[in-house]
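Written out below as structure tokens is the structure these notes cover.
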Amino acid sequence: MPTPSSRRTAIKNILTSTAAAGAVGSLSSFMPEEKEMENVALKGNINHSVCRWCFQDMSVEQLCVAAKGMGLKGIDLVGPADWPTLKKHGLDSSMCNGAEINLTDGFNDPQFHATLQKNYAAMIPRVAEAGYKNLICFSGSRRGMSDETGLANSVKGLAPLVELAAKHKVVLVMELLNSKVNHKDYQCDRTSWGVALAKRLGSEHFKLLYDIYHMQIDEGDVIRTLTDNQAYIAHYHTAGVPGRNEIDDTQELNYPAIMRAIKATGFKGYVAQEFIPKQTDKIASLRKAVQLCDV
């Protein structure tokens, strides 16, 4: 019969080995296996893209080569000047930009309507002519206005442009941004506000960019929210929470589960990586993120 001392030692050994196994299991659920570190064929269930601004130390040409090599289909947040480079590499401009004023002066404020309507009226045909579909837009800052006032103003500013977008088969896509950490006072900081605006506009040519990072910060409940509001979402962005860095096991979101939920909705748009790499080999970080999200 084992002594109390030997029994405690045995229990301690079991607990230690179980904890170690659990840690390995947890890590493996987030990190690609070593064989996946190199470029591998993607499954084709998710259309992968990457945001240009996160890799500013590379030229557009260099980013295109890297993106194409790992199986990405597009580059986000690229304007007309760089579209020829994307076309050279057979990549889509998956979320076009260049018509916005900035992130704070948006459609919720009538003082910016004239400028925005001029900018977007010029850009929408260019997006269509280039063979692209999505053009980003922003609500702008609240500046003390109520949700209702912001919605009413946004409808007035956007309605004629949505009509023009429909003629050119372009979609105006408003990004959901957090107002807690990164974009203080931004009005379209909750899915419910963006969906309310989409319902009022009543067009398939206005939808939302559901940024997983931003919405985790401001509202959480990511899987339920994106599932319930799938009809109004045209595009997704990723990043780790907190910090907006790599989407590995150092952050709180379970990206494989989120991607499976997106896939289950029948989503056919793009999921774009928008994290700021901390690792020295930024392309390796991007490759890991893409493979992690490739469900």
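For the structure tokens, the naming scheme is as follows: chains receive sequential letters (A, B, ...) according to their order of presentation, residues are indexed from 1 within each chain, and ligands are indexed from 1 in presentation order.
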Which residues of range 178-284 of chain A have any atom within 9 Å of an atom in range 97-110 of chain A when counting only C-alpha atoms, and what is the closest pair of atoms for each, with the distance in Å to one decimal? Order the rows by chain and rising number and write it as a tab-separated table.
```
residue	atom	partner	partner_atom	distance
A:His183	CA	A:Leu103	CA	8.3
A:Asp185	CA	A:Thr104	CA	8.4
A:Tyr186	CA	A:Thr104	CA	6.9
A:Gln187	CA	A:Asn108	CA	8.0
```
Expected file contents, prior selection, all heavy atoms, as a short mmCIF file (atom, residue, chain, number, x, y, z; two decimals), in the first residue's frame:
```cif
data_model
loop_
_atom_site.label_atom_id
_atom_site.label_comp_id
_atom_site.auth_asym_id
_atom_site.auth_seq_id
_atom_site.Cartn_x
_atom_site.Cartn_y
_atom_site.Cartn_z
N HIS A 183 -10.38 54.78 -31.85
CA HIS A 183 -11.05 55.84 -32.60
C HIS A 183 -12.11 56.50 -31.73
O HIS A 183 -13.31 56.30 -31.92
CB HIS A 183 -11.65 55.28 -33.89
CG HIS A 183 -10.65 54.61 -34.78
ND1 HIS A 183 -9.73 55.33 -35.53
CD2 HIS A 183 -10.38 53.30 -35.00
CE1 HIS A 183 -8.95 54.48 -36.19
NE2 HIS A 183 -9.32 53.26 -35.89
N ASP A 185 -14.83 58.61 -30.17
CA ASP A 185 -15.95 59.40 -30.68
C ASP A 185 -16.48 58.93 -32.03
O ASP A 185 -17.44 59.51 -32.57
CB ASP A 185 -15.57 60.90 -30.76
CG ASP A 185 -16.79 61.81 -30.68
OD1 ASP A 185 -17.69 61.52 -29.86
OD2 ASP A 185 -16.87 62.78 -31.45
N TYR A 186 -15.91 57.87 -32.61
CA TYR A 186 -16.42 57.36 -33.89
C TYR A 186 -17.85 56.87 -33.68
O TYR A 186 -18.15 56.18 -32.69
CB TYR A 186 -15.52 56.22 -34.38
CG TYR A 186 -15.84 55.72 -35.76
CD1 TYR A 186 -15.50 56.46 -36.89
CD2 TYR A 186 -16.47 54.48 -35.95
CE1 TYR A 186 -15.77 55.99 -38.17
CE2 TYR A 186 -16.74 54.01 -37.22
CZ TYR A 186 -16.40 54.76 -38.33
OH TYR A 186 -16.68 54.29 -39.59
N GLN A 187 -18.74 57.19 -34.61
CA GLN A 187 -20.16 56.87 -34.38
C GLN A 187 -20.55 55.46 -34.76
O GLN A 187 -21.30 54.81 -34.03
CB GLN A 187 -21.06 57.87 -35.10
CG GLN A 187 -22.54 57.66 -34.75
CD GLN A 187 -23.34 58.94 -34.77
OE1 GLN A 187 -23.20 59.76 -35.68
NE2 GLN A 187 -24.20 59.13 -33.78
#
```
For range 173-286 of chain A against range 121-136 of chain A, with a cut-off of 8 Å and counting only C-alpha atoms, what is the closest atom pair and its distance in Å to one decimal for every residue that makes the cut, ordered by chain and number, as CSV?
```
residue,atom,partner,partner_atom,distance
A:Val173,CA,A:Ile136,CA,4.8
A:Met174,CA,A:Ile136,CA,5.8
A:Glu175,CA,A:Ile136,CA,7.0
```
Mind dumping the selected residues with N, CA and C atoms as a PDB file, in the first residue's frame?
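The result, stored in result02.pdb:
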```pdb
ATOM      1  N   VAL A 173     -19.023  50.342 -48.491  1.00  0.00           N
ATOM      2  CA  VAL A 173     -18.868  49.504 -47.295  1.00  0.00           C
ATOM      3  C   VAL A 173     -18.382  50.372 -46.133  1.00  0.00           C
ATOM      4  N   MET A 174     -19.243  50.519 -45.121  1.00  0.00           N
ATOM      5  CA  MET A 174     -18.878  51.342 -43.967  1.00  0.00           C
ATOM      6  C   MET A 174     -18.214  50.476 -42.916  1.00  0.00           C
ATOM      7  N   GLU A 175     -17.051  50.935 -42.442  1.00  0.00           N
ATOM      8  CA  GLU A 175     -16.306  50.139 -41.466  1.00  0.00           C
ATOM      9  C   GLU A 175     -16.783  50.418 -40.046  1.00  0.00           C
TER      10      GLU A 175
END
```
| request: Output as a PyMOL selection string all residues of range 44-224 of chain A that backbone DSSP marks as strand (DSSP E or B). | output: chain A and resi 47-51+74-78+92-96+134-137+141+171-175+186+206-211
So that I have them on file, write out the residues from the current selection with N, CA and C atoms, as a compact mmCIF listing (two decimals), in the first residue's frame.
```txt
# COMPACT_ATOMS: atom_id res chain seq x y z
N ASN A 47 -11.89 33.54 -48.81
CA ASN A 47 -11.13 34.40 -49.71
C ASN A 47 -10.24 35.30 -48.86
N HIS A 48 -8.95 35.06 -48.90
CA HIS A 48 -8.01 35.75 -48.03
C HIS A 48 -7.42 37.00 -48.69
N SER A 49 -7.26 38.04 -47.86
CA SER A 49 -6.65 39.29 -48.30
C SER A 49 -5.78 39.83 -47.17
N VAL A 50 -5.11 40.93 -47.42
CA VAL A 50 -4.28 41.58 -46.40
C VAL A 50 -4.35 43.08 -46.60
N CYS A 51 -4.33 43.83 -45.51
CA CYS A 51 -4.39 45.29 -45.59
C CYS A 51 -3.01 45.87 -45.87
N GLY A 74 -6.34 38.99 -52.70
CA GLY A 74 -6.49 40.43 -52.82
C GLY A 74 -5.65 41.20 -51.83
N ILE A 75 -5.59 42.51 -52.05
CA ILE A 75 -4.95 43.46 -51.14
C ILE A 75 -5.98 44.52 -50.79
N ASP A 76 -6.16 44.78 -49.50
CA ASP A 76 -7.13 45.76 -49.03
C ASP A 76 -6.53 47.16 -48.92
N LEU A 77 -7.44 48.15 -49.05
CA LEU A 77 -7.12 49.55 -48.80
C LEU A 77 -6.00 50.05 -49.71
N VAL A 78 -6.24 49.85 -51.00
CA VAL A 78 -5.33 50.30 -52.05
C VAL A 78 -6.13 51.19 -53.00
N ASP A 92 -6.89 41.03 -56.60
CA ASP A 92 -8.03 41.91 -56.53
C ASP A 92 -7.74 43.08 -55.58
N SER A 93 -8.28 44.24 -55.88
CA SER A 93 -8.28 45.33 -54.90
C SER A 93 -9.55 45.09 -54.08
N SER A 94 -9.41 44.28 -53.04
CA SER A 94 -10.55 43.71 -52.34
C SER A 94 -11.35 44.71 -51.52
N MET A 95 -10.73 45.82 -51.12
CA MET A 95 -11.44 46.94 -50.50
C MET A 95 -10.76 48.22 -50.95
N CYS A 96 -11.37 48.89 -51.91
CA CYS A 96 -10.76 50.10 -52.47
C CYS A 96 -10.93 51.27 -51.51
N ASN A 134 -15.78 46.70 -54.02
CA ASN A 134 -15.97 47.32 -52.71
C ASN A 134 -15.22 48.64 -52.57
N LEU A 135 -15.90 49.66 -52.02
CA LEU A 135 -15.31 50.97 -51.77
C LEU A 135 -15.63 51.37 -50.34
N ILE A 136 -14.61 51.62 -49.55
CA ILE A 136 -14.80 51.87 -48.12
C ILE A 136 -15.33 53.29 -47.85
N CYS A 137 -16.10 53.39 -46.76
CA CYS A 137 -16.56 54.69 -46.30
C CYS A 137 -16.66 54.67 -44.77
N SER A 141 -16.93 61.10 -36.75
CA SER A 141 -17.08 61.27 -35.31
C SER A 141 -18.45 61.82 -34.95
N VAL A 171 -20.26 48.38 -54.27
CA VAL A 171 -20.83 48.36 -52.92
C VAL A 171 -20.06 49.35 -52.05
N LEU A 172 -20.77 50.29 -51.44
CA LEU A 172 -20.18 51.17 -50.45
C LEU A 172 -20.18 50.43 -49.12
N VAL A 173 -19.02 50.34 -48.49
CA VAL A 173 -18.87 49.50 -47.29
C VAL A 173 -18.38 50.37 -46.13
N MET A 174 -19.24 50.52 -45.12
CA MET A 174 -18.88 51.34 -43.97
C MET A 174 -18.21 50.48 -42.92
N GLU A 175 -17.05 50.94 -42.44
CA GLU A 175 -16.31 50.14 -41.47
C GLU A 175 -16.78 50.42 -40.05
N TYR A 186 -15.91 57.87 -32.61
CA TYR A 186 -16.42 57.36 -33.89
C TYR A 186 -17.85 56.87 -33.68
N PHE A 206 -25.04 48.96 -50.19
CA PHE A 206 -24.46 49.51 -48.97
C PHE A 206 -24.42 48.40 -47.93
N LYS A 207 -23.20 48.11 -47.44
CA LYS A 207 -23.05 47.07 -46.42
C LYS A 207 -21.98 47.49 -45.42
N LEU A 208 -21.63 46.56 -44.54
CA LEU A 208 -20.71 46.86 -43.45
C LEU A 208 -19.41 46.07 -43.57
N LEU A 209 -18.35 46.69 -43.10
CA LEU A 209 -17.08 45.99 -42.90
C LEU A 209 -17.03 45.67 -41.41
N TYR A 210 -17.20 44.38 -41.10
CA TYR A 210 -17.18 43.94 -39.71
C TYR A 210 -15.73 43.66 -39.33
N ASP A 211 -15.16 44.59 -38.57
CA ASP A 211 -13.79 44.43 -38.11
C ASP A 211 -13.82 43.68 -36.79
```
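From CA of Thr265 in chain A back to CA of Arg224 in chain A, the distance works out to 11.1 Å.
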| said: Report as a VMD selection string all protein, DNA and RNA residues lying within 12 Å of range 55-63 of chain A, evaluated on only C-alpha atoms, omitting residues in the same chain fewer than 4 positions from it. | reply: chain A and resid 49 to 51 67 to 70 72 74 to 79 81 to 91 93 273 to 278 280 to 283 285 to 286
| message | Would you compute the distance between CA of Ile212 in chain A and CA of Ala257 in chain A? Give it in Å to one decimal. | response | 12.4 Å
| task | Could you give me, as a PyMOL selection string, the residues within 12 Å of Gly202 in chain A, counting only C-alpha atoms and dropping anything in the same chain fewer than 3 positions from it? | result | chain A and resi 155+158-159+162-163+166+195-199+205-207+231-232
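Distance-wise, CA of Met259 in chain A and CA of Val271 in chain A end up 8.9 Å apart.
In this comparison, which uses only C-alpha atoms, the residue of A:Tyr213, A:Asn182, A:Ala152, A:Asn229 approaching Asn245 in chain A most closely is A:Tyr213.
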| said: From a backbone DSSP assignment, name each residue in range 57-254 of chain A labelled helix (DSSP H, G or I), as a ChimeraX atom specification. | reply: /A:60-69,80-88,110-129,147-168,191-201,212-218,222-228,230-232
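The list of residues with at least one atom within 8 Å of Cys188 in chain A, based on only C-alpha atoms and without residues fewer than 2 positions apart in the same chain, reads Phe138, Ser139, Gly140, Glu175, Leu176, Leu177, Tyr186, Arg190, Thr191, Trp193 and Gly194 of chain A.
If you measure from each of A:Gln230, A:Asn254, A:Gln216, A:Gln111 to Pro242 in chain A using only C-alpha atoms, the closest one turns out to be A:Gln216.
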| message | as number ranges by chain, please: the residues near Asn178 in chain A (cut-off 7 Å, only C-alpha atoms, same-chain neighbours under 5 positions excluded). | response | A: 183, 189, 214-215, 217-218
Given the selection you just returned, output its residues as a file containing N, CA, C and O atoms, formatted as a PDB file, in the first residue's frame.
```pdb
ATOM      1  N   HIS A 183     -10.379  54.781 -31.848  1.00  0.00           N
ATOM      2  CA  HIS A 183     -11.046  55.840 -32.605  1.00  0.00           C
ATOM      3  C   HIS A 183     -12.107  56.502 -31.728  1.00  0.00           C
ATOM      4  O   HIS A 183     -13.309  56.301 -31.925  1.00  0.00           O
ATOM      5  N   ASP A 189     -19.741  52.557 -34.180  1.00  0.00           N
ATOM      6  CA  ASP A 189     -18.891  51.746 -33.302  1.00  0.00           C
ATOM      7  C   ASP A 189     -19.605  50.514 -32.760  1.00  0.00           C
ATOM      8  O   ASP A 189     -19.068  49.823 -31.903  1.00  0.00           O
ATOM      9  N   HIS A 214     -12.044  45.384 -33.778  1.00  0.00           N
ATOM     10  CA  HIS A 214     -12.748  46.545 -33.251  1.00  0.00           C
ATOM     11  C   HIS A 214     -14.021  46.159 -32.505  1.00  0.00           C
ATOM     12  O   HIS A 214     -14.322  46.702 -31.433  1.00  0.00           O
ATOM     13  N   MET A 215     -14.777  45.218 -33.063  1.00  0.00           N
ATOM     14  CA  MET A 215     -16.046  44.864 -32.438  1.00  0.00           C
ATOM     15  C   MET A 215     -15.862  44.001 -31.189  1.00  0.00           C
ATOM     16  O   MET A 215     -16.695  44.032 -30.287  1.00  0.00           O
ATOM     17  N   ILE A 217     -13.639  44.671 -29.023  1.00  0.00           N
ATOM     18  CA  ILE A 217     -13.373  45.683 -28.007  1.00  0.00           C
ATOM     19  C   ILE A 217     -14.651  46.399 -27.572  1.00  0.00           C
ATOM     20  O   ILE A 217     -14.895  46.599 -26.378  1.00  0.00           O
ATOM     21  N   ASP A 218     -15.498  46.763 -28.531  1.00  0.00           N
ATOM     22  CA  ASP A 218     -16.667  47.581 -28.187  1.00  0.00           C
ATOM     23  C   ASP A 218     -17.915  46.796 -27.809  1.00  0.00           C
ATOM     24  O   ASP A 218     -18.760  47.313 -27.087  1.00  0.00           O
TER      25      ASP A 218
END
```
| query | Which residues, written as a list in words, have at least one atom at most 9 Å from Ile262 in chain A, with only C-alpha atoms counted and residues fewer than 6 positions away on the same chain left out? | reply | Ile46, Ile223, Leu226, Thr227 and Gln230 of chain A
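If only C-alpha atoms are the atoms counted, then among A:Glu38, A:Glu219, A:Glu246, A:Asp147 the closest residue to Ser179 in chain A is A:Glu219.
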